[in-house]
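Everything below belongs to query_10.pdb, which stores PDB, C-alpha atoms.
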ATOM      1  CA  SER A   1     261.522 159.942 108.493  1.00  0.00           C
ATOM      2  CA  SER A   2     260.819 161.644 111.841  1.00  0.00           C
ATOM      3  CA  LEU A   3     257.907 159.359 112.781  1.00  0.00           C
ATOM      4  CA  ARG A   4     258.327 158.046 116.337  1.00  0.00           C
ATOM      5  CA  LYS A   5     255.311 155.745 116.699  1.00  0.00           C
ATOM      6  CA  LEU A   6     253.865 153.439 114.039  1.00  0.00           C
ATOM      7  CA  VAL A   7     250.789 151.315 114.804  1.00  0.00           C
ATOM      8  CA  LEU A   8     249.224 149.210 112.048  1.00  0.00           C
ATOM      9  CA  LEU A   9     246.302 146.984 113.064  1.00  0.00           C
ATOM     10  CA  GLY A  10     244.409 144.446 110.973  1.00  0.00           C
ATOM     11  CA  CYS A  11     246.630 144.817 107.927  1.00  0.00           C
ATOM     12  CA  SER A  12     245.677 142.247 105.312  1.00  0.00           C
ATOM     13  CA  ARG A  13     246.525 144.043 102.084  1.00  0.00           C
ATOM     14  CA  LEU A  14     249.853 145.471 103.127  1.00  0.00           C
ATOM     15  CA  SER A  15     252.749 143.523 101.656  1.00  0.00           C
ATOM     16  CA  THR A  16     255.725 142.598 103.781  1.00  0.00           C
ATOM     17  CA  THR A  17     257.950 144.178 101.128  1.00  0.00           C
ATOM     18  CA  THR A  18     256.172 147.489 101.725  1.00  0.00           C
ATOM     19  CA  ILE A  19     256.594 147.073 105.481  1.00  0.00           C
ATOM     20  CA  THR A  20     260.310 146.444 104.968  1.00  0.00           C
ATOM     21  CA  HIS A  21     260.763 149.587 102.848  1.00  0.00           C
ATOM     22  CA  CYS A  22     258.780 151.640 105.342  1.00  0.00           C
ATOM     23  CA  LEU A  23     260.791 150.511 108.380  1.00  0.00           C
ATOM     24  CA  GLN A  24     264.094 151.104 106.635  1.00  0.00           C
ATOM     25  CA  ASN A  25     263.127 154.766 106.252  1.00  0.00           C
ATOM     26  CA  LEU A  26     262.097 155.438 109.863  1.00  0.00           C
ATOM     27  CA  PRO A  27     265.342 155.997 111.806  1.00  0.00           C
ATOM     28  CA  ALA A  28     263.596 157.848 114.676  1.00  0.00           C
ATOM     29  CA  LEU A  29     261.059 155.088 115.332  1.00  0.00           C
ATOM     30  CA  GLU A  30     260.599 154.336 119.041  1.00  0.00           C
ATOM     31  CA  TYR A  31     257.373 152.289 119.002  1.00  0.00           C
ATOM     32  CA  PHE A  32     256.367 149.738 116.371  1.00  0.00           C
ATOM     33  CA  ALA A  33     253.145 147.709 116.513  1.00  0.00           C
ATOM     34  CA  LEU A  34     251.857 145.551 113.666  1.00  0.00           C
ATOM     35  CA  LYS A  35     248.924 143.169 113.616  1.00  0.00           C
ATOM     36  CA  LEU A  36     249.308 141.413 110.279  1.00  0.00           C
ATOM     37  CA  VAL A  37     246.597 139.193 108.814  1.00  0.00           C
ATOM     38  CA  THR A  38     248.197 136.998 106.158  1.00  0.00           C
ATOM     39  CA  VAL A  39     246.369 135.617 103.168  1.00  0.00           C
ATOM     40  CA  ASP A  40     249.062 134.374 100.806  1.00  0.00           C
ATOM     41  CA  GLU A  41     251.936 136.742 101.416  1.00  0.00           C
ATOM     42  CA  LEU A  42     254.895 136.728 103.760  1.00  0.00           C
ATOM     43  CA  ARG A  43     257.508 137.141 101.040  1.00  0.00           C
ATOM     44  CA  SER A  44     259.819 139.500 102.864  1.00  0.00           C
ATOM     45  CA  ASN A  45     261.064 138.818 106.369  1.00  0.00           C
ATOM     46  CA  PHE A  46     260.813 142.463 107.362  1.00  0.00           C
ATOM     47  CA  VAL A  47     262.241 141.752 110.832  1.00  0.00           C
ATOM     48  CA  LEU A  48     265.398 140.126 109.484  1.00  0.00           C
ATOM     49  CA  SER A  49     265.883 142.557 106.638  1.00  0.00           C
ATOM     50  CA  LEU A  50     265.780 145.712 108.692  1.00  0.00           C
ATOM     51  CA  SER A  51     268.208 147.387 110.957  1.00  0.00           C
ATOM     52  CA  LEU A  52     266.088 148.294 113.962  1.00  0.00           C
ATOM     53  CA  PRO A  53     266.297 151.989 114.735  1.00  0.00           C
ATOM     54  CA  PRO A  54     268.593 152.603 117.705  1.00  0.00           C
ATOM     55  CA  ARG A  55     265.841 154.449 119.616  1.00  0.00           C
ATOM     56  CA  LEU A  56     263.293 151.641 119.238  1.00  0.00           C
ATOM     57  CA  ALA A  57     261.976 150.750 122.699  1.00  0.00           C
ATOM     58  CA  VAL A  58     258.750 148.854 121.964  1.00  0.00           C
ATOM     59  CA  PHE A  59     258.231 146.133 119.348  1.00  0.00           C
ATOM     60  CA  LYS A  60     254.808 144.496 118.979  1.00  0.00           C
ATOM     61  CA  LEU A  61     253.982 141.937 116.316  1.00  0.00           C
ATOM     62  CA  GLN A  62     250.952 139.722 115.887  1.00  0.00           C
ATOM     63  CA  VAL A  63     250.688 137.441 112.856  1.00  0.00           C
ATOM     64  CA  LEU A  64     247.384 135.742 112.053  1.00  0.00           C
ATOM     65  CA  ASN A  65     246.143 133.827 109.036  1.00  0.00           C
ATOM     66  CA  ALA A  66     242.895 134.812 107.396  1.00  0.00           C
ATOM     67  CA  TRP A  67     240.416 132.012 108.129  1.00  0.00           C
ATOM     68  CA  TYR A  68     240.437 130.909 104.493  1.00  0.00           C
ATOM     69  CA  ALA A  69     244.206 131.117 103.958  1.00  0.00           C
ATOM     70  CA  ILE A  70     246.762 128.328 103.907  1.00  0.00           C
ATOM     71  CA  PRO A  71     249.011 128.700 106.986  1.00  0.00           C
ATOM     72  CA  LEU A  72     252.435 130.085 106.132  1.00  0.00           C
ATOM     73  CA  ARG A  73     254.245 128.202 108.888  1.00  0.00           C
ATOM     74  CA  GLU A  74     257.744 128.303 107.410  1.00  0.00           C
ATOM     75  CA  GLU A  75     257.538 132.046 106.799  1.00  0.00           C
ATOM     76  CA  GLU A  76     256.152 132.591 110.306  1.00  0.00           C
ATOM     77  CA  ARG A  77     258.947 130.428 111.713  1.00  0.00           C
ATOM     78  CA  GLY A  78     261.416 132.681 109.874  1.00  0.00           C
ATOM     79  CA  LEU A  79     259.847 135.727 111.541  1.00  0.00           C
ATOM     80  CA  CYS A  80     260.189 134.021 114.941  1.00  0.00           C
ATOM     81  CA  ASP A  81     263.852 133.240 114.287  1.00  0.00           C
ATOM     82  CA  ALA A  82     264.450 136.845 113.229  1.00  0.00           C
ATOM     83  CA  ILE A  83     262.717 138.191 116.338  1.00  0.00           C
ATOM     84  CA  GLU A  84     265.049 136.154 118.490  1.00  0.00           C
ATOM     85  CA  SER A  85     268.242 137.171 116.698  1.00  0.00           C
ATOM     86  CA  VAL A  86     267.411 140.762 115.706  1.00  0.00           C
ATOM     87  CA  VAL A  87     264.988 141.962 118.405  1.00  0.00           C
ATOM     88  CA  LEU A  88     265.608 139.991 121.595  1.00  0.00           C
ATOM     89  CA  LEU A  89     269.382 139.645 121.223  1.00  0.00           C
ATOM     90  CA  ARG A  90     270.227 143.052 119.798  1.00  0.00           C
ATOM     91  CA  ASP A  91     273.057 144.991 121.457  1.00  0.00           C
ATOM     92  CA  ALA A  92     270.810 147.640 123.033  1.00  0.00           C
ATOM     93  CA  PRO A  93     267.870 145.749 124.573  1.00  0.00           C
ATOM     94  CA  LEU A  94     264.352 147.009 123.979  1.00  0.00           C
ATOM     95  CA  HIS A  95     262.066 147.873 126.898  1.00  0.00           C
ATOM     96  CA  HIS A  96     259.034 145.870 125.808  1.00  0.00           C
ATOM     97  CA  VAL A  97     258.494 143.144 123.219  1.00  0.00           C
ATOM     98  CA  CYS A  98     255.013 141.746 122.509  1.00  0.00           C
ATOM     99  CA  VAL A  99     254.535 138.834 120.144  1.00  0.00           C
ATOM    100  CA  CYS A 100     251.594 136.726 119.123  1.00  0.00           C
ATOM    101  CA  PHE A 101     252.075 133.706 116.881  1.00  0.00           C
ATOM    102  CA  ARG A 102     250.309 130.373 116.642  1.00  0.00           C
ATOM    103  CA  THR A 103     250.887 128.165 119.686  1.00  0.00           C
ATOM    104  CA  GLN A 104     252.666 125.499 117.630  1.00  0.00           C
ATOM    105  CA  LEU A 105     255.443 127.957 116.732  1.00  0.00           C
ATOM    106  CA  MET A 106     255.861 129.177 120.280  1.00  0.00           C
ATOM    107  CA  VAL A 107     256.235 125.711 121.808  1.00  0.00           C
ATOM    108  CA  GLU A 108     258.464 124.096 119.189  1.00  0.00           C
ATOM    109  CA  ASP A 109     262.085 123.806 120.268  1.00  0.00           C
ATOM    110  CA  GLY A 110     261.166 125.474 123.569  1.00  0.00           C
ATOM    111  CA  ARG A 111     260.907 128.859 121.862  1.00  0.00           C
ATOM    112  CA  GLN A 112     258.597 130.512 124.392  1.00  0.00           C
ATOM    113  CA  GLU A 113     260.659 129.393 127.390  1.00  0.00           C
ATOM    114  CA  ARG A 114     263.905 130.410 125.662  1.00  0.00           C
ATOM    115  CA  TRP A 115     262.487 133.849 124.846  1.00  0.00           C
ATOM    116  CA  ALA A 116     261.295 134.277 128.431  1.00  0.00           C
ATOM    117  CA  ARG A 117     264.789 133.426 129.689  1.00  0.00           C
ATOM    118  CA  ILE A 118     266.448 135.827 127.219  1.00  0.00           C
ATOM    119  CA  ALA A 119     264.027 138.603 128.158  1.00  0.00           C
ATOM    120  CA  ARG A 120     264.554 138.050 131.887  1.00  0.00           C
ATOM    121  CA  ASP A 121     268.346 138.012 131.513  1.00  0.00           C
ATOM    122  CA  ARG A 122     268.347 141.185 129.399  1.00  0.00           C
ATOM    123  CA  GLY A 123     265.729 143.142 131.350  1.00  0.00           C
ATOM    124  CA  ILE A 124     263.142 143.114 128.559  1.00  0.00           C
ATOM    125  CA  ARG A 125     259.456 142.971 129.412  1.00  0.00           C
ATOM    126  CA  LEU A 126     258.126 140.184 127.174  1.00  0.00           C
ATOM    127  CA  THR A 127     254.420 139.630 126.490  1.00  0.00           C
ATOM    128  CA  VAL A 128     253.350 136.545 124.553  1.00  0.00           C
ATOM    129  CA  GLY A 129     249.788 136.526 123.226  1.00  0.00           C
ATOM    130  CA  PRO A 130     247.290 139.053 121.880  1.00  0.00           C
ATOM    131  CA  TRP A 131     248.208 142.633 122.789  1.00  0.00           C
ATOM    132  CA  GLU A 132     246.024 144.958 120.683  1.00  0.00           C
ATOM    133  CA  GLY A 133     243.741 145.775 123.626  1.00  0.00           C
ATOM    134  CA  ASP A 134     246.730 147.234 125.450  1.00  0.00           C
ATOM    135  CA  MET A 135     247.887 149.811 122.911  1.00  0.00           C
ATOM    136  CA  ALA A 136     248.597 152.590 125.447  1.00  0.00           C
ATOM    137  CA  ASP A 137     251.151 150.423 127.225  1.00  0.00           C
ATOM    138  CA  GLY A 138     254.827 150.807 126.523  1.00  0.00           C
ATOM    139  CA  MET A 139     255.255 154.530 125.823  1.00  0.00           C
TER     140      MET A 139
END
Go ahead and express the file in the form of structure tokens.
Amino acid sequence: SSLRKLVLLGCSRLSTTTITHCLQNLPALEYFALKLVTVDELRSNFVLSLSLPPRLAVFKLQVLNAWYAIPLREEERGLCDAIESVVLLRDAPLHHVCVCFRTQLMVEDGRQERWARIARDRGIRLTVGPWEGDMADGM
């Protein structure tokens, strides 16, 4: 419960339900980075279902499909919607938000431009695209 930094890269066998339960029990979390490789599972919208810890300053999420998997576009769209409402628009703005989703999701309904505007207005540093090579950044 006292963990301050959680970095999970290349997770393909970790269920989103497990991620949800984990995040709900980390009230001191300041840095969260997850690179999730989906196969057939995005059952739990862990972003929407959690109350972000008040000390969270950095949120990084990258969602990829395994090359042989059927794209889970609706579930990914739900994660995007949750990021906007729960992460970008939360009362206490984060310092840095990094997201990487398929291009189609970022351009639909002007999502990427809207997120950039929200981030600029709220003083959040927003990075869109792959971020795993920059793991030291943000803390």
Using the chain letters and numbers from the file, which residues does the PyMOL selection byres ((chain A and resi 114-116) around 10) grab, as a list in words?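 So the PyMOL selection byres ((chain A and resi 114-116) around 10) ends up selecting Ile83, Glu84, Leu88, Leu89, Met106, Val107, Asp109, Gly110, Arg111, Gln112, Glu113, Arg117, Ile118, Ala119, Arg120, Asp121, Arg122, Ile124, Arg125, Leu126, Thr127 and Val128 of chain A.
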Go through A:Glu30, A:Glu76, A:Asp40, A:Glu132 one by one, measure the shortest atom-to-atom distance of each to A:Phe101 using all atoms listed in the file, and give the residue with the smallest value. A:Glu76
A:Val37, A:Leu3, A:Gly10, A:Glu74: which is nearest A:Arg55, counting only C-alpha atoms? A:Leu3
For A:Arg90, which of A:Ala66, A:Leu48, A:Leu105, A:Leu61 is the closest residue, counting only C-alpha atoms?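 That would be A:Leu48, the residue with the smallest distance to A:Arg90.
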Gap from atom CA of A:Cys11 to atom CA of A:Ser85 - Å, one decimal: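 It comes out at 24.5 Å.
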Would you list the contacts of A:Leu94 as a ChimeraX atom specification, taking every protein, DNA or RNA residue within 7 Å and counting all atoms listed in the file, but skipping same-chain residues closer than 3 positions in sequence? /A:56-58,124
Residue subset to file, keeping C-alpha atoms, as a JSON list (two decimals), keeping the file's coordinate frame:
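What follows is the written file again-v1.json:
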[["chain", "number", "residue", "atom", "x", "y", "z"],
["A", 56, "LEU", "CA", 263.29, 151.64, 119.24],
["A", 57, "ALA", "CA", 261.98, 150.75, 122.70],
["A", 58, "VAL", "CA", 258.75, 148.85, 121.96],
["A", 124, "ILE", "CA", 263.14, 143.11, 128.56]]
Take the point (255.8, 157.2, 119.9) as written in the file and pick out every residue within 6 Å of it, counting all atoms listed in the file; give the list as an MDAnalysis selection string. chainID A and resid 4:5 30:31
Separation of atom CA of A:Glu108 and atom CA of A:Leu23, in Å?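 The value is 28.6 Å.
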